[in-house]
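Visitor: Can you keep this structure in mind? I'll have questions shortly.
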Amino acid sequence: MKDRVIVFDTTLRDGEQAAGGTLNIQEKLEIARQLEKLKVDVIEAGFPISSPGDFDAVKLISKEVRNSSICGLSHANPQAIDRAWEAIKGAAQPRIHIFLSSSDIHMLHQLKKSREEILQTSREMVAKAVKYTTDIEFSPMDASRTNIEFLYQILEAVIDAGATTVNIPDTVGYAIPQEWGKRIEGIFKNVPNIEKAVVSVHCHNDLGLAVANSLEAVRRGARQVECTINGIGERAGNASLEEIVMAIRTRKDFYKLSTGIDTTHIYSTSRLVSELTGFMVQPNKAIVGANAFRHQSGIHQDGVIKLPITYEIMDPRDVGITASSLVLGKLSGRHAFKERLAELGYHLDEQDLAKAFQAFKELADKKKEVTDKDIESVVAQQKRTVSEVYRLLMVQVSCGNGMPTAAVRLSGPDGETLADAALGTGPVDAVYKAINRIVGVSNKLTEFAVKSVTEGIDAQGEVLIRIESDGVTYTGRGADTDIIVASAKAYMNALNRLLSVNRTNKK
Ligand code: MN
């Protein structure tokens, strides 16, 4: 166990905290199931007292996911701890994670509490939580800016009270690897009962150092890393799970450590999180970016063809990127389609498979070669159709430098057909106005981005949009070989999310 690093994933808590990354309960469950497949040790599923939605999601995930520990975050107060326990008590391995600020900056200006008060509260709250479960994590928030002697004191006190994991968070992303490593080393040397707990780190990426800081901490003895898929999270994000895991694995000669992660699920997990949160992965992102395993230079290409390790330090198959060159087309059957889905890490039930196959056939009629990326996009679209209040049946536009006009036909909440038309400043604007005339929900479009899923003139276009209503952001995505249709699909997707949230709240 000493050589094993515990992977604590906080995609559903800190990751979801990222601006504009709101997920609904089904989406959270889907990500949690994928994290279980990835063999993450601990899933921080949410912050139960923060909202009823978060509470329900943590409770559901605790019931459904059996092979990973499920962790609920909690303030250091009795009500928050009770609420966290209520949400996670159904889990196979429940963990309560209590946090409290310990830096002078936070204590004086935010909490208006003395060190003694902080120390006492920490001790008492851990002691309270221990009555529920023996798996207790404690985080002195803003630890990188906390007085070092006080940090030792607080860690000793919470371990004494029963904390089994002490997490050292670089909440504001201020740490530098060498200095951070010394801080971790100091903890091992100066906290007398430190051997009774696992030391963890939680690093933020404000200076682009989250992964470097996490790895340095591991080198100095930390045995838990808190991270997120694709590095999403508050502000500049958290340490990226895939980067930490692959660094430890690829440089086993250096770290002499391992994780329990099944790396072959890394790529599909990355895609799923990107798809559901609406946060695209930058092409040059390590491990999971579109270009991460692409060689452009002639010398490099020549080398890789002769022997991959000449320029490849990792085998793309190890992270679940299939090297298959088999291209599906309109003559491909259901069996080949299903097989390719399995290779890409998707296991759909019969009903979803039938729908996805139908969509694949429609795409293959328009596009000669259907690539893996097209297939991922097809599957992703099936996922988007879960809670449709309104469904797009048809969109027709006429555009040019005269009067862009759009006509749309939707099916409504009771299956009725609704149609309307509108003028706009351009074709997309006209489509959105026509949809608004039917759906009638006020909202503001805050982001609109188009990208192509694959290369070529017949490529599918993927549209990502964000709309805002009552201060909440909703993401929508849509793909089609026609970008106006893709735009309409993306808008319907965002509107349906907005509507389904409104409906749940009314219940
Ligand atoms: Mn954080």
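By convention in this document, the chains of the structure tokens carry letters A, B, ... by their order, each chain's residues are numbered from 1, and ligands are numbered from 1 in the order they are shown.
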Write out as a list in words all residues of region 173-284 of chain A that DSSP puts in strand (DSSP E) for this structure's backbone.

Guide: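 Across region 173-284 of chain A, those assigned strand (DSSP E) are Val198, Val199, Ser200, Val201, His202, Cys203, Gln224, Val225, Glu226 and Cys227 of chain A.
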
Visitor: Check every protein, DNA and RNA residue against ligand 1, keep those with an atom at most 12 Å away (counting only C-alpha atoms and all ligand atoms), and present them as number ranges by chain.

Guide: A: 9-18, 44, 73, 99, 139-143, 167-173, 201-206, 210, 226-228, 231-239

Visitor: Could you work out how far CA of Ile287 (chain A) lies from CA of Ile309 (chain A), giving the answer in Å with one decimal?

Guide: 15.8 Å

Visitor: For region 106-117 of chain A, please output as a VMD selection string all residues within 12 Å (counting only C-alpha atoms; exclusion window: fewer than 4 positions along the same chain).

Guide: chain A and resid 76 100 to 102 121 to 124 140 to 147 149 to 151 153 to 154 157 171 to 172

Visitor: How would the residues just picked look written out with N, CA and C atoms as a JSON list (two decimals), in the first residue's frame?

Guide:
[["chain", "number", "residue", "atom", "x", "y", "z"],
["A", 76, "ALA", "N", -17.32, 22.83, 8.34],
["A", 76, "ALA", "CA", -17.06, 22.37, 9.71],
["A", 76, "ALA", "C", -18.16, 22.88, 10.63],
["A", 100, "LEU", "N", -12.05, 23.53, 6.68],
["A", 100, "LEU", "CA", -12.12, 24.77, 7.45],
["A", 100, "LEU", "C", -10.85, 25.58, 7.15],
["A", 101, "SER", "N", -11.02, 26.87, 6.91],
["A", 101, "SER", "CA", -9.87, 27.72, 6.59],
["A", 101, "SER", "C", -8.89, 27.83, 7.75],
["A", 102, "SER", "N", -7.60, 27.82, 7.41],
["A", 102, "SER", "CA", -6.60, 27.87, 8.47],
["A", 102, "SER", "C", -5.56, 28.97, 8.25],
["A", 121, "THR", "N", -12.83, 24.01, 16.81],
["A", 121, "THR", "CA", -13.91, 23.60, 15.90],
["A", 121, "THR", "C", -13.48, 22.39, 15.08],
["A", 122, "SER", "N", -12.26, 22.42, 14.56],
["A", 122, "SER", "CA", -11.77, 21.31, 13.74],
["A", 122, "SER", "C", -11.83, 20.00, 14.53],
["A", 123, "ARG", "N", -11.31, 20.06, 15.74],
["A", 123, "ARG", "CA", -11.27, 18.86, 16.57],
["A", 123, "ARG", "C", -12.68, 18.35, 16.85],
["A", 124, "GLU", "N", -13.56, 19.27, 17.22],
["A", 124, "GLU", "CA", -14.94, 18.87, 17.57],
["A", 124, "GLU", "C", -15.70, 18.30, 16.38],
["A", 140, "PRO", "N", -7.44, 21.64, 5.92],
["A", 140, "PRO", "CA", -7.26, 23.01, 6.36],
["A", 140, "PRO", "C", -7.18, 23.88, 5.10],
["A", 141, "MET", "N", -8.27, 24.58, 4.82],
["A", 141, "MET", "CA", -8.33, 25.33, 3.56],
["A", 141, "MET", "C", -7.27, 26.42, 3.51],
["A", 142, "ASP", "N", -6.76, 26.66, 2.28],
["A", 142, "ASP", "CA", -5.70, 27.65, 2.05],
["A", 142, "ASP", "C", -4.40, 27.25, 2.78],
["A", 143, "ALA", "N", -4.12, 25.95, 2.80],
["A", 143, "ALA", "CA", -2.95, 25.43, 3.52],
["A", 143, "ALA", "C", -1.63, 25.98, 3.00],
["A", 144, "SER", "N", -1.57, 26.31, 1.72],
["A", 144, "SER", "CA", -0.30, 26.81, 1.18],
["A", 144, "SER", "C", 0.05, 28.18, 1.76],
["A", 145, "ARG", "N", -0.97, 28.91, 2.28],
["A", 145, "ARG", "CA", -0.69, 30.21, 2.89],
["A", 145, "ARG", "C", -0.93, 30.20, 4.40],
["A", 146, "THR", "N", -0.97, 28.99, 4.96],
["A", 146, "THR", "CA", -1.20, 28.86, 6.40],
["A", 146, "THR", "C", 0.14, 28.87, 7.14],
["A", 147, "ASN", "N", 0.19, 29.52, 8.30],
["A", 147, "ASN", "CA", 1.39, 29.50, 9.14],
["A", 147, "ASN", "C", 1.78, 28.05, 9.39],
["A", 149, "GLU", "N", 3.64, 26.38, 11.56],
["A", 149, "GLU", "CA", 3.50, 25.80, 12.91],
["A", 149, "GLU", "C", 2.03, 25.52, 13.22],
["A", 150, "PHE", "N", 1.18, 26.45, 12.83],
["A", 150, "PHE", "CA", -0.25, 26.26, 13.07],
["A", 150, "PHE", "C", -0.78, 25.08, 12.25],
["A", 151, "LEU", "N", -0.26, 24.94, 11.04],
["A", 151, "LEU", "CA", -0.67, 23.81, 10.19],
["A", 151, "LEU", "C", -0.33, 22.47, 10.88],
["A", 153, "GLN", "N", -0.03, 21.96, 14.04],
["A", 153, "GLN", "CA", -0.92, 21.84, 15.20],
["A", 153, "GLN", "C", -2.30, 21.31, 14.81],
["A", 154, "ILE", "N", -2.82, 21.91, 13.77],
["A", 154, "ILE", "CA", -4.18, 21.55, 13.36],
["A", 154, "ILE", "C", -4.23, 20.10, 12.84],
["A", 157, "ALA", "N", -4.12, 17.74, 15.75],
["A", 157, "ALA", "CA", -5.40, 17.74, 16.47],
["A", 157, "ALA", "C", -6.46, 16.91, 15.75],
["A", 171, "THR", "N", -5.48, 25.86, -2.17],
["A", 171, "THR", "CA", -6.79, 26.36, -2.60],
["A", 171, "THR", "C", -6.71, 27.44, -3.67],
["A", 172, "VAL", "N", -5.71, 28.32, -3.55],
["A", 172, "VAL", "CA", -5.64, 29.46, -4.46],
["A", 172, "VAL", "C", -4.59, 29.29, -5.57]]

Visitor: Which residue out of A:Leu353, A:Ala488, A:Ile159, A:Val408 has the minimum interatomic distance to Val130 (chain A) when only C-alpha atoms are used?

Guide: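 Answer, going by the shortest atom-to-atom distance: A:Ile159.
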
Visitor: Can you work out the spacing between CA of Phe360 (chain A) and CA of Leu348 (chain A) in Å, to one decimal?

Guide: 14.0 Å

Visitor: Residues of region 157-291 of chain A classed as helix (DSSP H, G or I) by DSSP on the backbone are to be reported as a ChimeraX atom specification.

Guide: /A:157-161,177-190,194-196,210-219,229-231,241-250,252-255,263-277

Visitor: Residues at most 10 Å from Ala434 (chain A), counting only C-alpha atoms, excluding those fewer than 6 positions away in the same chain, as a ChimeraX atom specification?

Guide: /A:395,405-409,419-424,428,440

Visitor: So, counting only C-alpha atoms, which residue among A:Arg183, A:Arg497, A:Lys433, A:Arg317 is closest to Ser268 (chain A)?

Guide: A:Arg317

Visitor: Check the smallest atom-to-atom distance from each of A:Ile435, A:Ile194, A:Val5, A:Leu207 to Leu257 (chain A) using only C-alpha atoms, then report the winner.

Guide: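 Nearest to Leu257 (chain A): A:Val5.
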
Visitor: When you look at Glu312 (chain A) with a cut-off of 8 Å (counting only C-alpha atoms), what residues show up, excluding the ones that are within fewer than 4 positions of it in the same chain? I need them as a list in words.

Guide: Phe293, Val304 and Pro308 of chain A

Visitor: Please identify all polymer residues within 9 Å of region 258-261 of chain A, counting only C-alpha atoms, omitting same-chain residues fewer than 6 positions from it, and present them as a ChimeraX atom specification.

Guide: /A:3-7,37-41,245,248-249,252

Visitor: Find the spatial neighbours of Leu418 (chain A), counting only C-alpha atoms, within a cut-off of 8 Å - ignore same-chain residues fewer than 3 positions away - and output them as a PDB file with N, CA and C atoms, in the first residue's frame.

Guide:
ATOM      1  N   ARG A 409     -40.141  23.645 -37.199  1.00  0.00           N
ATOM      2  CA  ARG A 409     -41.258  22.835 -36.736  1.00  0.00           C
ATOM      3  C   ARG A 409     -40.745  22.011 -35.549  1.00  0.00           C
ATOM      4  N   LEU A 410     -41.464  22.067 -34.440  1.00  0.00           N
ATOM      5  CA  LEU A 410     -41.079  21.332 -33.234  1.00  0.00           C
ATOM      6  C   LEU A 410     -42.232  20.432 -32.808  1.00  0.00           C
ATOM      7  N   SER A 411     -41.900  19.396 -32.037  1.00  0.00           N
ATOM      8  CA  SER A 411     -42.986  18.688 -31.364  1.00  0.00           C
ATOM      9  C   SER A 411     -42.980  19.169 -29.920  1.00  0.00           C
ATOM     10  N   GLY A 412     -44.149  19.396 -29.390  1.00  0.00           N
ATOM     11  CA  GLY A 412     -44.291  20.023 -28.077  1.00  0.00           C
ATOM     12  C   GLY A 412     -44.368  19.027 -26.934  1.00  0.00           C
ATOM     13  N   ILE A 438     -42.013  29.892 -30.362  1.00  0.00           N
ATOM     14  CA  ILE A 438     -42.792  28.711 -29.967  1.00  0.00           C
ATOM     15  C   ILE A 438     -42.611  28.399 -28.486  1.00  0.00           C
TER      16      ILE A 438
END

Visitor: Name the closest residue to Ile375 (chain A) among the candidates A:Ala359, A:Ala197, A:Ala92, A:Ala87; distances are taken between atoms, counting only C-alpha atoms.

Guide: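 Residue with the minimum atom-to-atom distance to Ile375 (chain A): A:Ala359.
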
Visitor: Just give me the gap between CA of Tyr346 (chain A) and CA of Val225 (chain A) in Å, one decimal is fine.

Guide: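 Value for the CA of Tyr346 (chain A)-CA of Val225 (chain A) distance: 27.6 Å.
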
Visitor: Using only C-alpha atoms, which residue out of A:Arg466, A:Lys182, A:Arg294, A:Arg477 lies closest to Ala380 (chain A)?

Guide: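 Of A:Arg466, A:Lys182, A:Arg294, A:Arg477, the one nearest Ala380 (chain A) is A:Arg477, counting only C-alpha atoms.
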
Visitor: Just checking: using only C-alpha atoms, which residue out of A:Thr264, A:Asn230, A:Asn190, A:Asn213 ends up closest to Gly345 (chain A)?

Guide: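 Smallest separation from Gly345 (chain A) among the options: A:Thr264.
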